[in-house]
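K.L.:
Provided herewith: target_26.pdb, PDB, C-alpha atoms.
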```pdb
ATOM      1  CA  GLN A 270     117.398 100.034  83.020  1.00  0.00           C
ATOM      2  CA  GLU A 271     116.145  98.022  80.042  1.00  0.00           C
ATOM      3  CA  MET A 272     113.117  96.857  82.058  1.00  0.00           C
ATOM      4  CA  LEU A 273     112.312 100.451  82.996  1.00  0.00           C
ATOM      5  CA  ARG A 274     112.412 101.446  79.344  1.00  0.00           C
ATOM      6  CA  GLU A 275     110.139  98.534  78.504  1.00  0.00           C
ATOM      7  CA  LEU A 276     107.701  99.634  81.226  1.00  0.00           C
ATOM      8  CA  GLY A 277     107.530 103.133  79.794  1.00  0.00           C
ATOM      9  CA  VAL A 278     110.018 105.167  81.847  1.00  0.00           C
ATOM     10  CA  PHE A 279     111.717 107.839  79.747  1.00  0.00           C
ATOM     11  CA  LYS A 280     114.108 110.779  79.906  1.00  0.00           C
ATOM     12  CA  GLY A 281     112.724 113.622  81.996  1.00  0.00           C
ATOM     13  CA  ASP A 282     110.077 111.567  83.782  1.00  0.00           C
ATOM     14  CA  THR A 283     109.009 112.347  87.322  1.00  0.00           C
ATOM     15  CA  LEU A 284     108.569 109.059  89.172  1.00  0.00           C
ATOM     16  CA  LEU A 285     106.814 108.453  92.485  1.00  0.00           C
ATOM     17  CA  VAL A 286     108.374 105.225  93.736  1.00  0.00           C
ATOM     18  CA  HIS A 287     106.857 102.859  96.270  1.00  0.00           C
ATOM     19  CA  SER A 288     109.012  99.826  96.921  1.00  0.00           C
ATOM     20  CA  SER A 289     109.534  96.664  98.886  1.00  0.00           C
ATOM     21  CA  LEU A 290     112.965  95.538  97.810  1.00  0.00           C
ATOM     22  CA  GLN A 291     112.829  92.391  99.904  1.00  0.00           C
ATOM     23  CA  ASN A 292     110.213  91.149  97.433  1.00  0.00           C
ATOM     24  CA  LEU A 293     112.628  91.715  94.554  1.00  0.00           C
ATOM     25  CA  GLY A 294     115.274  89.412  95.966  1.00  0.00           C
ATOM     26  CA  LEU A 295     118.923  89.974  95.115  1.00  0.00           C
ATOM     27  CA  VAL A 296     119.511  92.832  92.686  1.00  0.00           C
ATOM     28  CA  GLU A 297     122.929  93.547  91.211  1.00  0.00           C
ATOM     29  CA  GLU A 298     124.566  96.316  93.282  1.00  0.00           C
ATOM     30  CA  GLY A 299     121.499  96.316  95.565  1.00  0.00           C
ATOM     31  CA  ILE A 300     119.722  99.604  96.270  1.00  0.00           C
ATOM     32  CA  GLU A 301     122.489 101.619  94.642  1.00  0.00           C
ATOM     33  CA  GLY A 302     122.109  99.549  91.497  1.00  0.00           C
ATOM     34  CA  ILE A 303     118.394 100.340  91.354  1.00  0.00           C
ATOM     35  CA  PHE A 304     119.126 104.019  91.958  1.00  0.00           C
ATOM     36  CA  LYS A 305     121.717 104.081  89.172  1.00  0.00           C
ATOM     37  CA  GLY A 306     119.325 102.330  86.793  1.00  0.00           C
ATOM     38  CA  VAL A 307     116.470 104.738  87.476  1.00  0.00           C
ATOM     39  CA  THR A 308     118.600 107.887  87.295  1.00  0.00           C
ATOM     40  CA  ALA A 309     120.311 106.724  84.110  1.00  0.00           C
ATOM     41  CA  GLN A 310     116.908 106.205  82.490  1.00  0.00           C
ATOM     42  CA  ILE A 311     115.265 109.491  83.536  1.00  0.00           C
ATOM     43  CA  THR A 312     118.559 111.464  83.280  1.00  0.00           C
ATOM     44  CA  ASP A 313     119.248 114.719  85.129  1.00  0.00           C
ATOM     45  CA  LYS A 314     116.033 116.125  83.659  1.00  0.00           C
ATOM     46  CA  GLY A 315     113.996 113.612  85.649  1.00  0.00           C
ATOM     47  CA  THR A 316     112.905 113.418  89.275  1.00  0.00           C
ATOM     48  CA  ILE A 317     112.521 110.633  91.838  1.00  0.00           C
ATOM     49  CA  LEU A 318     109.910 111.047  94.579  1.00  0.00           C
ATOM     50  CA  VAL A 319     109.556 108.731  97.581  1.00  0.00           C
ATOM     51  CA  PRO A 320     107.374 108.803 100.716  1.00  0.00           C
ATOM     52  CA  SER A 321     109.398 109.948 103.732  1.00  0.00           C
ATOM     53  CA  ALA A 322     107.030 110.306 106.675  1.00  0.00           C
ATOM     54  CA  ASN A 323     107.973 109.493 110.250  1.00  0.00           C
ATOM     55  CA  THR A 324     105.044 110.145 112.561  1.00  0.00           C
ATOM     56  CA  GLN A 325     106.458 108.568 115.724  1.00  0.00           C
ATOM     57  CA  THR A 326     109.471 110.863 115.868  1.00  0.00           C
ATOM     58  CA  PHE A 327     107.185 113.884 115.538  1.00  0.00           C
ATOM     59  CA  ILE A 328     105.006 112.637 118.388  1.00  0.00           C
ATOM     60  CA  HIS A 329     108.159 112.503 120.513  1.00  0.00           C
ATOM     61  CA  ASP A 330     109.329 115.979 119.364  1.00  0.00           C
ATOM     62  CA  GLN A 331     112.291 114.540 117.483  1.00  0.00           C
ATOM     63  CA  PHE A 332     111.402 115.035 113.808  1.00  0.00           C
ATOM     64  CA  ASP A 333     114.410 116.546 112.081  1.00  0.00           C
ATOM     65  CA  ILE A 334     113.610 117.329 108.452  1.00  0.00           C
ATOM     66  CA  ASP A 335     117.229 116.864 107.382  1.00  0.00           C
ATOM     67  CA  ASN A 336     118.257 113.894 109.509  1.00  0.00           C
ATOM     68  CA  THR A 337     115.295 111.815 110.732  1.00  0.00           C
ATOM     69  CA  PRO A 338     115.163 108.495 108.844  1.00  0.00           C
ATOM     70  CA  VAL A 339     112.108 107.483 106.867  1.00  0.00           C
ATOM     71  CA  GLN A 340     109.875 105.182 108.909  1.00  0.00           C
ATOM     72  CA  THR A 341     110.856 101.605 108.148  1.00  0.00           C
ATOM     73  CA  ASP A 342     107.563 100.446 106.625  1.00  0.00           C
ATOM     74  CA  LEU A 343     108.099 102.860 103.713  1.00  0.00           C
ATOM     75  CA  GLY A 344     111.043 100.861 102.448  1.00  0.00           C
ATOM     76  CA  MET A 345     114.805 100.952 102.205  1.00  0.00           C
ATOM     77  CA  PHE A 346     114.777 102.717  98.849  1.00  0.00           C
ATOM     78  CA  SER A 347     112.915 105.667 100.367  1.00  0.00           C
ATOM     79  CA  GLU A 348     115.556 105.981 103.067  1.00  0.00           C
ATOM     80  CA  PHE A 349     118.305 105.682 100.449  1.00  0.00           C
ATOM     81  CA  ILE A 350     116.837 108.602  98.486  1.00  0.00           C
ATOM     82  CA  ARG A 351     116.413 110.665 101.658  1.00  0.00           C
ATOM     83  CA  GLY A 352     120.109 110.215 102.360  1.00  0.00           C
ATOM     84  CA  GLN A 353     121.280 111.600  99.032  1.00  0.00           C
ATOM     85  CA  LYS A 354     123.118 114.918  99.209  1.00  0.00           C
ATOM     86  CA  ASP A 355     120.784 116.893  96.940  1.00  0.00           C
ATOM     87  CA  THR A 356     117.484 115.429  98.140  1.00  0.00           C
ATOM     88  CA  ILE A 357     114.727 117.874  99.152  1.00  0.00           C
ATOM     89  CA  ARG A 358     112.316 116.774 101.896  1.00  0.00           C
ATOM     90  CA  SER A 359     108.951 118.369 102.624  1.00  0.00           C
ATOM     91  CA  GLY A 360     108.451 119.204 106.293  1.00  0.00           C
ATOM     92  CA  ASN A 361     105.037 117.815 107.274  1.00  0.00           C
ATOM     93  CA  PRO A 362     105.923 114.626 109.192  1.00  0.00           C
ATOM     94  CA  PHE A 363     102.575 113.023 108.304  1.00  0.00           C
ATOM     95  CA  ASP A 364     102.813 113.286 104.519  1.00  0.00           C
ATOM     96  CA  SER A 365     106.504 114.056 104.006  1.00  0.00           C
ATOM     97  CA  LEU A 366     107.792 113.452 100.490  1.00  0.00           C
ATOM     98  CA  CYS A 367     111.423 113.399  99.362  1.00  0.00           C
ATOM     99  CA  GLY A 368     112.434 114.550  95.929  1.00  0.00           C
ATOM    100  CA  PHE A 369     115.695 113.996  94.082  1.00  0.00           C
ATOM    101  CA  GLY A 370     116.305 115.636  90.733  1.00  0.00           C
ATOM    102  CA  HIS A 371     115.001 118.335  88.440  1.00  0.00           C
ATOM    103  CA  ASN A 372     111.579 119.062  89.992  1.00  0.00           C
ATOM    104  CA  ALA A 373     112.429 118.204  93.597  1.00  0.00           C
ATOM    105  CA  MET A 374     112.473 121.754  94.966  1.00  0.00           C
ATOM    106  CA  THR A 375     109.241 122.767  93.243  1.00  0.00           C
ATOM    107  CA  ILE A 376     107.374 119.716  94.530  1.00  0.00           C
ATOM    108  CA  CYS A 377     108.938 119.206  97.965  1.00  0.00           C
ATOM    109  CA  GLY A 378     110.472 122.550  98.861  1.00  0.00           C
ATOM    110  CA  LYS A 379     107.632 123.891 101.012  1.00  0.00           C
ATOM    111  CA  THR A 380     105.835 122.592 104.094  1.00  0.00           C
ATOM    112  CA  ASN A 381     102.052 122.199 104.141  1.00  0.00           C
ATOM    113  CA  THR A 382     100.195 122.192 107.464  1.00  0.00           C
ATOM    114  CA  HIS A 383      97.313 119.928 106.379  1.00  0.00           C
ATOM    115  CA  GLY A 384      98.370 116.458 105.272  1.00  0.00           C
ATOM    116  CA  TYR A 385      97.552 115.471 101.675  1.00  0.00           C
ATOM    117  CA  ASP A 386      95.605 118.669 101.024  1.00  0.00           C
ATOM    118  CA  GLY A 387      95.785 120.862  97.939  1.00  0.00           C
ATOM    119  CA  ASN A 388      99.086 122.399  99.082  1.00  0.00           C
ATOM    120  CA  SER A 389     100.779 119.069  99.737  1.00  0.00           C
ATOM    121  CA  PRO A 390     103.663 117.780  97.609  1.00  0.00           C
ATOM    122  CA  TRP A 391     101.444 114.834  96.645  1.00  0.00           C
ATOM    123  CA  ILE A 392      99.038 117.153  94.833  1.00  0.00           C
ATOM    124  CA  LYS A 393     101.886 119.220  93.403  1.00  0.00           C
ATOM    125  CA  ALA A 394     103.363 116.053  91.913  1.00  0.00           C
ATOM    126  CA  LEU A 395     100.233 115.617  89.796  1.00  0.00           C
ATOM    127  CA  LYS A 396     101.121 118.772  87.845  1.00  0.00           C
ATOM    128  CA  PHE A 397     104.306 117.166  86.498  1.00  0.00           C
ATOM    129  CA  LYS A 398     102.703 114.188  84.728  1.00  0.00           C
ATOM    130  CA  THR A 399     104.195 111.995  87.437  1.00  0.00           C
ATOM    131  CA  LYS A 400     104.241 108.251  86.943  1.00  0.00           C
ATOM    132  CA  LEU A 401     103.694 105.822  89.821  1.00  0.00           C
ATOM    133  CA  LEU A 402     106.373 103.117  89.890  1.00  0.00           C
ATOM    134  CA  LEU A 403     105.740 100.127  92.156  1.00  0.00           C
ATOM    135  CA  LEU A 404     108.819  97.981  92.767  1.00  0.00           C
ATOM    136  CA  GLY A 405     107.941  94.688  94.422  1.00  0.00           C
ATOM    137  CA  THR A 406     104.860  96.152  96.079  1.00  0.00           C
ATOM    138  CA  SER A 407     101.163  96.641  95.314  1.00  0.00           C
ATOM    139  CA  PHE A 408      98.577  99.398  94.947  1.00  0.00           C
ATOM    140  CA  TYR A 409      97.657  98.867  98.592  1.00  0.00           C
ATOM    141  CA  TYR A 410     100.650 101.040  99.477  1.00  0.00           C
ATOM    142  CA  ALA A 411      99.949 103.801  96.928  1.00  0.00           C
ATOM    143  CA  SER A 412      99.712 106.773  99.296  1.00  0.00           C
ATOM    144  CA  ILE A 413      98.124 108.999  96.637  1.00  0.00           C
ATOM    145  CA  VAL A 414      94.842 107.389  97.762  1.00  0.00           C
ATOM    146  CA  HIS A 415      95.065 109.477 100.941  1.00  0.00           C
ATOM    147  CA  ALA A 416      95.143 112.640  98.849  1.00  0.00           C
ATOM    148  CA  ALA A 417      92.021 111.366  97.078  1.00  0.00           C
ATOM    149  CA  GLU A 418      90.354 110.658 100.429  1.00  0.00           C
ATOM    150  CA  THR A 419      91.208 114.167 101.619  1.00  0.00           C
ATOM    151  CA  THR A 420      89.962 115.787  98.414  1.00  0.00           C
ATOM    152  CA  SER A 421      86.736 113.775  98.634  1.00  0.00           C
ATOM    153  CA  GLN A 422      86.303 114.434 102.379  1.00  0.00           C
ATOM    154  CA  VAL A 423      85.342 110.815 103.035  1.00  0.00           C
ATOM    155  CA  PRO A 424      83.061 110.442 106.089  1.00  0.00           C
ATOM    156  CA  TYR A 425      85.240 107.870 107.889  1.00  0.00           C
ATOM    157  CA  ARG A 426      88.040 110.419 108.386  1.00  0.00           C
ATOM    158  CA  GLU A 427      88.142 113.719 110.243  1.00  0.00           C
ATOM    159  CA  TRP A 428      90.670 116.502 110.709  1.00  0.00           C
ATOM    160  CA  LYS A 429      92.788 116.161 113.829  1.00  0.00           C
ATOM    161  CA  LYS A 430      95.290 118.684 115.112  1.00  0.00           C
ATOM    162  CA  PHE A 431      98.720 117.600 116.282  1.00  0.00           C
ATOM    163  CA  THR A 432     101.081 120.020 118.015  1.00  0.00           C
ATOM    164  CA  GLY A 433     104.731 119.144 118.312  1.00  0.00           C
ATOM    165  CA  LYS A 434     108.288 120.256 117.734  1.00  0.00           C
ATOM    166  CA  ILE A 435     110.389 119.717 114.640  1.00  0.00           C
ATOM    167  CA  ILE A 436     113.981 120.540 113.823  1.00  0.00           C
ATOM    168  CA  LYS A 437     114.345 122.640 110.684  1.00  0.00           C
ATOM    169  CA  ASN A 438     117.781 123.825 109.569  1.00  0.00           C
ATOM    170  CA  GLY A 439     119.081 122.851 112.999  1.00  0.00           C
ATOM    171  CA  ILE A 440     116.506 124.970 114.851  1.00  0.00           C
ATOM    172  CA  LEU A 441     113.848 123.449 117.117  1.00  0.00           C
ATOM    173  CA  ILE A 442     110.456 125.006 116.413  1.00  0.00           C
ATOM    174  CA  LYS A 443     106.902 124.328 117.578  1.00  0.00           C
ATOM    175  CA  GLU A 444     104.414 123.555 114.826  1.00  0.00           C
ATOM    176  CA  ASP A 445     100.755 122.566 114.386  1.00  0.00           C
ATOM    177  CA  TYR A 446      99.936 119.953 111.761  1.00  0.00           C
ATOM    178  CA  TYR A 447      96.580 118.562 110.725  1.00  0.00           C
ATOM    179  CA  LEU A 448      95.828 115.060 109.510  1.00  0.00           C
ATOM    180  CA  TYR A 449      92.585 113.844 107.962  1.00  0.00           C
ATOM    181  CA  ALA A 450      92.710 110.744 110.127  1.00  0.00           C
ATOM    182  CA  ARG A 451      90.653 107.589 110.327  1.00  0.00           C
ATOM    183  CA  PRO A 452      89.863 105.822 113.621  1.00  0.00           C
ATOM    184  CA  LEU A 453      92.598 103.607 115.026  1.00  0.00           C
ATOM    185  CA  GLY A 454      92.053 100.004 114.019  1.00  0.00           C
ATOM    186  CA  MET A 455      89.844 100.783 111.020  1.00  0.00           C
ATOM    187  CA  LYS A 456      90.846  98.529 108.133  1.00  0.00           C
ATOM    188  CA  CYS A 457      90.816  99.909 104.615  1.00  0.00           C
ATOM    189  CA  HIS A 458      91.076  97.769 101.484  1.00  0.00           C
ATOM    190  CA  TYR A 459      93.311  99.904  99.335  1.00  0.00           C
ATOM    191  CA  GLU A 460      94.200  96.887  97.208  1.00  0.00           C
ATOM    192  CA  ARG A 461      90.876  97.643  95.480  1.00  0.00           C
ATOM    193  CA  ILE A 462      92.629 100.513  93.690  1.00  0.00           C
ATOM    194  CA  SER A 463      93.929  98.023  91.139  1.00  0.00           C
ATOM    195  CA  LYS A 464      90.360  97.050  90.173  1.00  0.00           C
ATOM    196  CA  LEU A 465      89.118 100.571  89.467  1.00  0.00           C
ATOM    197  CA  PRO A 466      87.913 101.341  85.929  1.00  0.00           C
ATOM    198  CA  GLY A 467      90.636 103.045  83.969  1.00  0.00           C
ATOM    199  CA  ILE A 468      93.485 101.666  86.048  1.00  0.00           C
ATOM    200  CA  GLU A 469      93.569  98.009  85.051  1.00  0.00           C
ATOM    201  CA  ASP A 470      93.922  98.923  81.372  1.00  0.00           C
ATOM    202  CA  SER A 471      96.506 101.635  82.063  1.00  0.00           C
ATOM    203  CA  VAL A 472      99.057  99.660  84.069  1.00  0.00           C
ATOM    204  CA  ALA A 473     102.295  98.540  82.439  1.00  0.00           C
ATOM    205  CA  ARG A 474     103.502  95.387  84.146  1.00  0.00           C
ATOM    206  CA  ILE A 475     106.637  93.262  84.019  1.00  0.00           C
ATOM    207  CA  GLU A 476     106.922  89.966  85.844  1.00  0.00           C
ATOM    208  CA  THR A 477     110.490  88.973  86.639  1.00  0.00           C
ATOM    209  CA  THR A 478     112.143  86.238  88.634  1.00  0.00           C
ATOM    210  CA  LEU A 479     112.893  88.985  91.160  1.00  0.00           C
ATOM    211  CA  GLY A 480     109.295  90.202  91.501  1.00  0.00           C
ATOM    212  CA  GLU A 481     106.770  92.442  89.786  1.00  0.00           C
ATOM    213  CA  LEU A 482     107.271  95.966  88.438  1.00  0.00           C
ATOM    214  CA  LEU A 483     104.250  98.216  87.777  1.00  0.00           C
ATOM    215  CA  LEU A 484     103.998 101.636  86.147  1.00  0.00           C
ATOM    216  CA  VAL A 485     100.928 103.851  85.748  1.00  0.00           C
ATOM    217  CA  ASP A 486     100.108 107.542  85.358  1.00  0.00           C
ATOM    218  CA  LEU A 487      99.692 108.963  88.879  1.00  0.00           C
ATOM    219  CA  ASN A 488      96.909 111.270  87.703  1.00  0.00           C
ATOM    220  CA  ILE A 489      94.886 108.288  86.520  1.00  0.00           C
ATOM    221  CA  VAL A 490      95.189 106.659  89.951  1.00  0.00           C
ATOM    222  CA  TYR A 491      94.276 109.855  91.792  1.00  0.00           C
ATOM    223  CA  LYS A 492      91.329 110.762  89.558  1.00  0.00           C
ATOM    224  CA  SER A 493      90.008 107.186  89.577  1.00  0.00           C
ATOM    225  CA  CYS A 494      90.088 107.153  93.383  1.00  0.00           C
ATOM    226  CA  VAL A 495      88.362 110.536  93.620  1.00  0.00           C
ATOM    227  CA  LYS A 496      85.678 109.417  91.159  1.00  0.00           C
ATOM    228  CA  ILE A 497      84.851 106.206  93.006  1.00  0.00           C
ATOM    229  CA  LEU A 498      84.829 107.965  96.379  1.00  0.00           C
ATOM    230  CA  HIS A 499      82.325 110.501  95.058  1.00  0.00           C
ATOM    231  CA  GLU A 500      80.145 107.631  93.850  1.00  0.00           C
ATOM    232  CA  ASN A 501      80.697 105.410  96.881  1.00  0.00           C
ATOM    233  CA  PRO A 502      82.503 107.050  99.843  1.00  0.00           C
ATOM    234  CA  ASP A 503      82.857 103.668 101.560  1.00  0.00           C
ATOM    235  CA  TYR A 504      84.493 101.932  98.607  1.00  0.00           C
ATOM    236  CA  PHE A 505      87.709 101.174 100.485  1.00  0.00           C
ATOM    237  CA  LEU A 506      86.008  99.968 103.692  1.00  0.00           C
TER
END
```
For this file, write the structure as structure tokens.
P.N.:
Amino acid sequence: QEMLRELGVFKGDTLLVHSSLQNLGLVEEGIEGIFKGVTAQITDKGTILVPSANTQTFIHDQFDIDNTPVQTDLGMFSEFIRGQKDTIRSGNPFDSLCGFGHNAMTICGKTNTHGYDGNSPWIKALKFKTKLLLLGTSFYYASIVHAAETTSQVPYREWKKFTGKIIKNGILIKEDYYLYARPLGMKCHYERISKLPGIEDSVARIETTLGELLLVDLNIVYKSCVKILHENPDYFL
């Protein structure tokens, strides 16, 4: 909790958390200890957001908004938040976001059909002065870049329609979702986010024996990505 305060996390903050806890090593009380530390710092006026997509289950008509686990590459902390009693999960399996706390329903309570578009929870989060908290991971995994790519309509992606079934409130329903997708196998260098003007000077950073913690204004990351993609649409290729 003291490290979070030092980073710049305060009462009432909305935090978008990307994590790789295996890079943090052993933490007292494990995931629950991290959860307690974050919630104690932001209090009940704050909000935790975590990515909670699971595309493979949707492809196999098994995406249950309430019960499908977060895909494993999004981290154990994301799954821990999803499993909390009062967590709200947005319904698009491609850009699903879980929210826990004060602003969770407003940000995650509705389902958008087009991933990362202006109606997505990722864009809604920007309206709450959300801070991006990276725990043991890097900007490469900052999914807000996909919202910037969608906003900028980068030429290496195109809208694709996916039809499948999801379970919502225990009812199986057929839905169409759209993803601004890039070709399979195309490599993008999202680690370049950290080098963008305006970001390097805005990041609060703490190096610990357990790994690195980073905090930055999510709006700065989003706007910096949009700006560079307007100037150079292939920046991340």
K.L.:
Go through A:Asp470, A:Asp335, A:Glu500, A:Glu476 one by one, measure the shortest atom-to-atom distance of each to A:Glu275 using only C-alpha atoms, and give the residue with the smallest value.
P.N.:
A:Glu476
K.L.:
What does the distance from atom CA of A:Cys367 to atom CA of A:Ile489 come to in Å, to one decimal?
P.N.:
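Distance between the two atoms: 21.6 Å.
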K.L.:
Can you tell me, as a PDB file with C-alpha atoms, in the coordinates of the input, what residues are no more than 7 Å from A:Phe505 when counting only C-alpha atoms, ignoring any on the same chain fewer than 6 positions away?
P.N.:
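Dumped everything to selection_32.pdb:
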```pdb
ATOM      1  CA  CYS A 457      90.816  99.909 104.615  1.00  0.00           C
ATOM      2  CA  HIS A 458      91.076  97.769 101.484  1.00  0.00           C
ATOM      3  CA  TYR A 459      93.311  99.904  99.335  1.00  0.00           C
ATOM      4  CA  ARG A 461      90.876  97.643  95.480  1.00  0.00           C
TER       5      ARG A 461
END
```
K.L.:
Just the number, please: distance in Å from atom CA of A:Asp342 to atom CA of A:Lys496, one decimal.
P.N.:
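Computed distance, atom CA of A:Asp342 to atom CA of A:Lys496, equals 28.3 Å.
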K.L.:
So which one's closest to A:Leu401, A:Val414, A:Asn388, A:Gly306, A:Thr341? Using all atoms listed in the file, please.
P.N.:
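Of A:Val414, A:Asn388, A:Gly306, A:Thr341, the one nearest A:Leu401 is A:Val414, counting all atoms listed in the file.
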K.L.:
From the list A:Asp486, A:Leu498, A:Thr477, A:Gly344, which residue is nearest A:Tyr410 when using only C-alpha atoms?
P.N.:
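Of the candidates, the smallest distance to A:Tyr410 is held by A:Gly344.
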K.L.:
Measuring atom to atom with only C-alpha atoms, identify which of A:Cys494, A:Ile435, A:Ala309, A:Ile392 is nearest to A:His329.
P.N.:
A:Ile435
K.L.:
Please evaluate the PyMOL selection byres ((chain A and resi 473) around 10) against the structure above and give the resulting residues as a ChimeraX atom specification.
P.N.:
/A:275-277,402,469-472,474-475,482-486
K.L.:
Report, in Å to a single decimal, how far apart atom CA of A:Trp428 and atom CA of A:Glu348 are.
P.N.:
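Pair atom CA of A:Glu348 / atom CA of A:Trp428 returns 28.1 Å.
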K.L.:
Can you work out which one of A:Asn501, A:Thr406, A:Thr399, A:Ser421 has the shortest atom-to-atom distance to A:Asp386, counting only C-alpha atoms?
P.N.:
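Checking each of A:Asn501, A:Thr406, A:Thr399, A:Ser421 against A:Asp386, counting only C-alpha atoms, the winner is A:Ser421.
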K.L.:
Restricting the calculation to only C-alpha atoms: of A:Ser463, A:Thr324, A:Asn488, A:Gln340, which residue gets closest to A:Asn361?
P.N.:
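Going through A:Ser463, A:Thr324, A:Asn488, A:Gln340 one by one, the smallest distance to A:Asn361 is for A:Thr324.
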K.L.:
Got a sec: who's within 12 Å of A:Lys379, counting all atoms listed in the file, leaving out chain neighbours fewer than 6 positions off, as a list of chain:residue names?
P.N.:
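So the residues in contact are A:Ile334, A:Ile357, A:Arg358, A:Ser359, A:Gly360, A:Asn361, A:Ser365, A:Leu366, A:Cys367, A:Gly368, A:Ala373, A:Asn388, A:Ser389, A:Pro390, A:Trp391, A:Lys393, A:Lys437.
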K.L.:
Report as a PyMOL selection string the full result of the PyMOL selection byres ((chain A and resi 355) around 8) when it is applied to this structure.
P.N.:
chain A and resi 353-354+356-357+369-370
K.L.:
Apply the PyMOL selection byres ((chain A and resi 433) around 9) to the structure shown and report the selected residues as a ChimeraX atom specification.
P.N.:
/A:327-331,431-432,434-435,442-446
K.L.:
Any idea what's packed within 12 Å of A:Ser412, counting all atoms listed in the file, ignoring anything in its chain fewer than 4 positions away? Could you give it as a count of residues only?
P.N.:
33
K.L.:
Counting all atoms listed in the file, which residues have an atom no more than 10 Å from (114.7, 109.3, 77.6) in the file's coordinates? Please list them as a ChimeraX atom specification.
P.N.:
/A:274,277-282,309-312,314-315
K.L.:
Only C-alpha atoms, please: the residues just picked out, written as a CSV table (one decimal), in the coordinates of the input.
P.N.:
```csv
chain,number,residue,atom,x,y,z
A,274,ARG,CA,112.4,101.4,79.3
A,277,GLY,CA,107.5,103.1,79.8
A,278,VAL,CA,110.0,105.2,81.8
A,279,PHE,CA,111.7,107.8,79.7
A,280,LYS,CA,114.1,110.8,79.9
A,281,GLY,CA,112.7,113.6,82.0
A,282,ASP,CA,110.1,111.6,83.8
A,309,ALA,CA,120.3,106.7,84.1
A,310,GLN,CA,116.9,106.2,82.5
A,311,ILE,CA,115.3,109.5,83.5
A,312,THR,CA,118.6,111.5,83.3
A,314,LYS,CA,116.0,116.1,83.7
A,315,GLY,CA,114.0,113.6,85.6
```
K.L.:
Since the input lacks atoms, please generate N, CA and C atoms for stretch 472-483 of chain A and provide them as a PDB file, in the coordinates of the input.
P.N.:
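As a result, part.pdb now contains:
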```
ATOM      1  N   VAL A 472      97.853 100.090  83.369  1.00  0.00           N
ATOM      2  CA  VAL A 472      99.057  99.660  84.069  1.00  0.00           C
ATOM      3  C   VAL A 472      99.990  98.893  83.143  1.00  0.00           C
ATOM      4  N   ALA A 473     101.249  99.322  83.094  1.00  0.00           N
ATOM      5  CA  ALA A 473     102.295  98.540  82.439  1.00  0.00           C
ATOM      6  C   ALA A 473     102.902  97.631  83.500  1.00  0.00           C
ATOM      7  N   ARG A 474     103.109  96.374  83.147  1.00  0.00           N
ATOM      8  CA  ARG A 474     103.502  95.387  84.146  1.00  0.00           C
ATOM      9  C   ARG A 474     104.585  94.470  83.583  1.00  0.00           C
ATOM     10  N   ILE A 475     105.603  94.224  84.387  1.00  0.00           N
ATOM     11  CA  ILE A 475     106.637  93.262  84.019  1.00  0.00           C
ATOM     12  C   ILE A 475     106.819  92.281  85.171  1.00  0.00           C
ATOM     13  N   GLU A 476     106.663  91.015  84.866  1.00  0.00           N
ATOM     14  CA  GLU A 476     106.922  89.966  85.844  1.00  0.00           C
ATOM     15  C   GLU A 476     108.349  89.473  85.648  1.00  0.00           C
ATOM     16  N   THR A 477     109.116  89.463  86.716  1.00  0.00           N
ATOM     17  CA  THR A 477     110.490  88.973  86.639  1.00  0.00           C
ATOM     18  C   THR A 477     110.702  87.905  87.698  1.00  0.00           C
ATOM     19  N   THR A 478     111.814  87.232  87.604  1.00  0.00           N
ATOM     20  CA  THR A 478     112.143  86.238  88.634  1.00  0.00           C
ATOM     21  C   THR A 478     112.406  86.914  89.971  1.00  0.00           C
ATOM     22  N   LEU A 479     112.621  88.237  89.948  1.00  0.00           N
ATOM     23  CA  LEU A 479     112.893  88.985  91.160  1.00  0.00           C
ATOM     24  C   LEU A 479     111.648  89.658  91.735  1.00  0.00           C
ATOM     25  N   GLY A 480     110.510  89.559  91.016  1.00  0.00           N
ATOM     26  CA  GLY A 480     109.295  90.202  91.501  1.00  0.00           C
ATOM     27  C   GLY A 480     108.607  90.971  90.392  1.00  0.00           C
ATOM     28  N   GLU A 481     107.591  91.740  90.750  1.00  0.00           N
ATOM     29  CA  GLU A 481     106.770  92.442  89.786  1.00  0.00           C
ATOM     30  C   GLU A 481     107.063  93.943  89.794  1.00  0.00           C
ATOM     31  N   LEU A 482     107.103  94.527  88.596  1.00  0.00           N
ATOM     32  CA  LEU A 482     107.271  95.966  88.438  1.00  0.00           C
ATOM     33  C   LEU A 482     106.014  96.515  87.767  1.00  0.00           C
ATOM     34  N   LEU A 483     105.466  97.612  88.318  1.00  0.00           N
ATOM     35  CA  LEU A 483     104.250  98.216  87.777  1.00  0.00           C
ATOM     36  C   LEU A 483     104.478  99.692  87.530  1.00  0.00           C
TER      37      LEU A 483
END
```
